[in-house]
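Engineer: First, the structure itself, so that you have it in front of you.
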Amino acid sequence: MTLKPEPTAPFHSVQYALRVLETVSKHGNGVTGTQISRETGLPIGHLRSLLLTLRREGYVEQVTDGAYVTGSSLLLLGSGPARRQALETKLQRTLAQLRDSVGAAVYISRYVDGEIRVTQYADGPLTPAVNEWVDFRSAAHASAVGKCLLSQLDQNGRRDHISRHKTPRLTSRTITNEKVLFSKLDSQPATVPVLDIQEYAVGTVCAAVPLTAGSAAGCLALSLPIEDAHRLRSAADTLNRRAAPVLLSLAL
């Protein structure tokens with residue numbers, strides 16, 4: 001039984017929008033506006049405006065042949081592999097926008113099962129990713145990512161990590177003394193980006209800010225070649241200010 005809109009009913013009502021979304025979801029390979037109108041009973045003139053709103057909010061997408069398919073925002077409301085893929089796509093798009101905004105490669109990293117993991121990143125021809133010449137899992141003491149994640153752990157968590165991953169000197173600036181390292185971590189203000197000035201690699205500077213989504217430690221980071229070191233602090237401040245959309249994507 002189709003829904004027949006009353007003449008005075010607002011065509012942007014949630015009731016009609018849900019009927020449109022149900023119809024689009026039912027047609028996995030896409031459905032035309034004419035077919036949606038036929039199945040929902042919503043006049044085509046009103047439907048165009050409603051579909052425009054749903055497209056703008058990401059609940060539906062229009063493919064090359066003009067048909068409508070389920071959008072990423074709608075997939076986020078579901079569960080299973082489709083939701084995970086939608087989350088990753090949404091986060092990657094957010095990272096790409098952030099990369100372009102700060103003019104640097106950007107990274108998402110988490111501390112999972114006692115290890116540092118870079119889970120997603122966005123780079124480009126003008127914003128190359130850092131050369132991971134030493135596994136990030138073994139360089140927490142030297143990298144902005146690692147120090148930012150360690151700063152979110154308690155003393156026992158830090159000691160456990162250092163007991164499994166030693167603190168070798170990677171450059172002349174690397175902190176290798178555990179006591180000095182922990183003192184630096186303790187004095188690091190939570191609202192100030194953690195910096196790496198050629199501690200991990202000669203020729204590279206980095207910054208990281210914490211991302212706390214649930215109980216897991218996480219961070220958002222950027223890297224720049226040494227010739228752009230003069231931009232590091234301003235880029236790090238921009239990264240800090242714009243971390244909220246990334247955190248929102250992680251928390252969904």
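Naming works like this for the structure tokens: A, B, ... for the chains as they're shown, residue 1 at the start of each chain, ligands 1 onward in shown order.
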Using only C-alpha atoms, tabulate the residues of range 91-174 of chain A lying at most 7 Å from any atom of range 183-204 of chain A, each with its closest atom pair and that distance in Å to one decimal, by chain and increasing residue number, as CSV.
Structural biologist:
residue,atom,partner,partner_atom,distance
A:Ala142,CA,A:Tyr200,CA,4.9
A:Ser143,CA,A:Tyr200,CA,5.2
A:Ala144,CA,A:Asp196,CA,5.0
A:Cys148,CA,A:Val194,CA,6.0
A:Ser151,CA,A:Leu185,CA,5.2
A:Leu170,CA,A:Tyr200,CA,6.0
A:Thr171,CA,A:Glu199,CA,5.8
A:Arg173,CA,A:Glu199,CA,4.9
A:Thr174,CA,A:Glu199,CA,4.6
Engineer: Convert the current residue selection to file output with C-alpha atoms, as a tab-separated table (two decimals), in the first residue's frame.
Structural biologist:
chain	number	residue	atom	x	y	z
A	142	ALA	CA	60.97	9.05	18.64
A	143	SER	CA	57.86	9.77	16.55
A	144	ALA	CA	55.16	12.36	17.21
A	148	CYS	CA	51.23	11.23	21.52
A	151	SER	CA	51.22	10.21	26.63
A	170	LEU	CA	67.48	6.94	15.42
A	171	THR	CA	68.93	10.43	14.97
A	173	ARG	CA	67.81	14.26	18.46
A	174	THR	CA	66.19	11.00	19.60
Engineer: Restrict the calculation to only C-alpha atoms, then for each residue of range 82-179 of chain A with any atom at most 12 Å from an atom of range 226-236 of chain A give the closest atom pair and their distance in Å to one decimal, rows by chain and rising residue number, as CSV.
Structural biologist:
residue,atom,partner,partner_atom,distance
A:Leu98,CA,A:Ala235,CA,10.4
A:Arg99,CA,A:Ala235,CA,10.1
A:Asp100,CA,A:Ala235,CA,11.0
A:Ser101,CA,A:Ala235,CA,8.8
A:Val102,CA,A:Ala235,CA,5.4
A:Gly103,CA,A:Ala235,CA,7.7
A:Ala104,CA,A:Ala235,CA,8.0
A:Ala105,CA,A:Ala235,CA,10.8
A:Val106,CA,A:Ala236,CA,10.6
A:Leu126,CA,A:Asp228,CA,11.7
A:Thr127,CA,A:Asp228,CA,10.8
A:Val130,CA,A:Ile226,CA,11.2
A:Ala144,CA,A:Ala236,CA,11.2
Engineer: Convert the current residue selection to file output with C-alpha atoms, as a PDB file, in the first residue's frame.
Structural biologist:
ATOM      1  CA  LEU A  98      42.358  17.866   6.067  1.00  0.00           C
ATOM      2  CA  ARG A  99      45.486  17.041   4.027  1.00  0.00           C
ATOM      3  CA  ASP A 100      44.600  19.764   1.550  1.00  0.00           C
ATOM      4  CA  SER A 101      43.790  22.195   4.335  1.00  0.00           C
ATOM      5  CA  VAL A 102      47.083  21.828   6.220  1.00  0.00           C
ATOM      6  CA  GLY A 103      49.235  21.118   3.164  1.00  0.00           C
ATOM      7  CA  ALA A 104      50.745  17.977   4.660  1.00  0.00           C
ATOM      8  CA  ALA A 105      50.299  14.217   4.725  1.00  0.00           C
ATOM      9  CA  VAL A 106      47.953  13.270   7.595  1.00  0.00           C
ATOM     10  CA  LEU A 126      52.797  17.516  -3.078  1.00  0.00           C
ATOM     11  CA  THR A 127      52.278  16.054   0.400  1.00  0.00           C
ATOM     12  CA  VAL A 130      56.923   9.974   5.742  1.00  0.00           C
ATOM     13  CA  ALA A 144      55.157  12.355  17.207  1.00  0.00           C
TER      14      ALA A 144
END
Engineer: Identify, on the basis of only C-alpha atoms, every residue whose closest approach to Leu47 in chain A does not exceed 12 Å; exclude the query and any residue fewer than 4 positions from it along the same chain; express the result as a ChimeraX atom specification.
Structural biologist: /A:5,10-13,16-17,19-21,32-43,51-55
Engineer: Give me a file of those residues, with N, CA and C atoms, as a compact mmCIF listing (two decimals), in the first residue's frame.
Structural biologist:
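Generated file (part-v4.txt):
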# COMPACT_ATOMS: atom_id res chain seq x y z
N PRO A 5 0.14 11.39 -0.26
CA PRO A 5 0.31 12.62 0.49
C PRO A 5 -0.93 13.49 0.44
N PRO A 10 3.51 18.69 4.36
CA PRO A 10 4.81 19.16 3.88
C PRO A 10 5.57 18.02 3.22
N PHE A 11 6.04 18.23 1.99
CA PHE A 11 6.66 17.14 1.26
C PHE A 11 8.04 16.79 1.77
N HIS A 12 8.63 17.61 2.69
CA HIS A 12 9.93 17.26 3.25
C HIS A 12 9.77 16.49 4.56
N SER A 13 8.56 16.04 4.86
CA SER A 13 8.33 15.38 6.14
C SER A 13 9.17 14.11 6.26
N TYR A 16 7.68 10.91 4.59
CA TYR A 16 7.92 10.72 3.16
C TYR A 16 9.37 10.38 2.88
N ALA A 17 10.28 11.03 3.61
CA ALA A 17 11.70 10.76 3.41
C ALA A 17 12.02 9.31 3.70
N ARG A 19 9.98 6.77 3.44
CA ARG A 19 9.44 5.94 2.36
C ARG A 19 10.37 5.96 1.14
N VAL A 20 10.92 7.12 0.85
CA VAL A 20 11.86 7.22 -0.28
C VAL A 20 13.10 6.39 0.01
N LEU A 21 13.64 6.49 1.21
CA LEU A 21 14.85 5.74 1.57
C LEU A 21 14.59 4.24 1.55
N THR A 32 15.06 4.72 -10.54
CA THR A 32 14.82 6.04 -11.11
C THR A 32 13.83 6.84 -10.26
N GLY A 33 13.85 8.15 -10.47
CA GLY A 33 12.91 9.00 -9.77
C GLY A 33 11.46 8.64 -10.09
N THR A 34 11.20 8.29 -11.36
CA THR A 34 9.85 7.90 -11.77
C THR A 34 9.38 6.67 -11.02
N GLN A 35 10.27 5.67 -10.85
CA GLN A 35 9.91 4.46 -10.13
C GLN A 35 9.69 4.75 -8.65
N ILE A 36 10.53 5.64 -8.07
CA ILE A 36 10.35 6.01 -6.66
C ILE A 36 8.99 6.68 -6.48
N SER A 37 8.64 7.57 -7.41
CA SER A 37 7.35 8.26 -7.33
C SER A 37 6.20 7.27 -7.42
N ARG A 38 6.35 6.29 -8.29
CA ARG A 38 5.30 5.29 -8.47
C ARG A 38 5.12 4.45 -7.21
N GLU A 39 6.24 4.07 -6.57
CA GLU A 39 6.15 3.17 -5.42
C GLU A 39 5.78 3.88 -4.12
N THR A 40 6.10 5.17 -4.03
CA THR A 40 5.78 5.91 -2.79
C THR A 40 4.50 6.70 -2.89
N GLY A 41 4.07 6.98 -4.11
CA GLY A 41 2.89 7.81 -4.27
C GLY A 41 3.19 9.29 -4.14
N LEU A 42 4.46 9.64 -4.08
CA LEU A 42 4.85 11.05 -3.91
C LEU A 42 4.96 11.70 -5.29
N PRO A 43 4.29 12.80 -5.53
CA PRO A 43 4.35 13.46 -6.84
C PRO A 43 5.78 13.76 -7.25
N LEU A 51 14.59 14.54 -2.98
CA LEU A 51 15.80 13.82 -3.37
C LEU A 51 17.02 14.73 -3.34
N LEU A 52 16.84 15.99 -3.67
CA LEU A 52 17.95 16.95 -3.62
C LEU A 52 18.45 17.10 -2.18
N THR A 53 17.51 17.17 -1.24
CA THR A 53 17.88 17.26 0.17
C THR A 53 18.60 16.00 0.64
N LEU A 54 18.07 14.85 0.26
CA LEU A 54 18.67 13.58 0.66
C LEU A 54 20.06 13.40 0.05
N ARG A 55 20.25 13.88 -1.17
CA ARG A 55 21.57 13.82 -1.79
C ARG A 55 22.55 14.74 -1.07
Engineer: Which is closest to Gly157 in chain A among A:Tyr111, A:Trp133, A:Ile175, A:Gln120, if we use only C-alpha atoms?
Structural biologist: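 Counting only C-alpha atoms, the residue closest to Gly157 in chain A is A:Tyr111.
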Engineer: Taking only C-alpha atoms into account, which of A:Val118, A:Ala208, A:Ala217, A:Leu91 comes nearest Leu149 in chain A?
Structural biologist: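 Among the listed residues, the smallest separation from Leu149 in chain A belongs to A:Ala217.
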Engineer: Could you check how far CA of Gly58 in chain A sits from CA of Ile44 in chain A, in Å to one decimal?
Structural biologist: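 A separation of 20.3 Å between them.
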Engineer: So, counting only C-alpha atoms, which residue among A:Pro210, A:Thr167, A:Asp154, A:Val63 is closest to Val134 in chain A?
Structural biologist: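 Between A:Pro210, A:Thr167, A:Asp154, A:Val63, the residue approaching Val134 in chain A most closely is A:Thr167.
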Engineer: Could you pull out the residues in range 123-220 of chain A that DSSP calls strand (DSSP E or B) from the backbone, as a VMD selection string?
Structural biologist: chain A and resid 124 127 194 to 197 204 to 210 213 216 218 to 220
Engineer: Looking only at helix (DSSP H, G or I) from DSSP on the backbone, list the matching residues of range 128-223 of chain A as a ChimeraX atom specification.
Structural biologist: /A:136-138,144-150,155-164,178-186
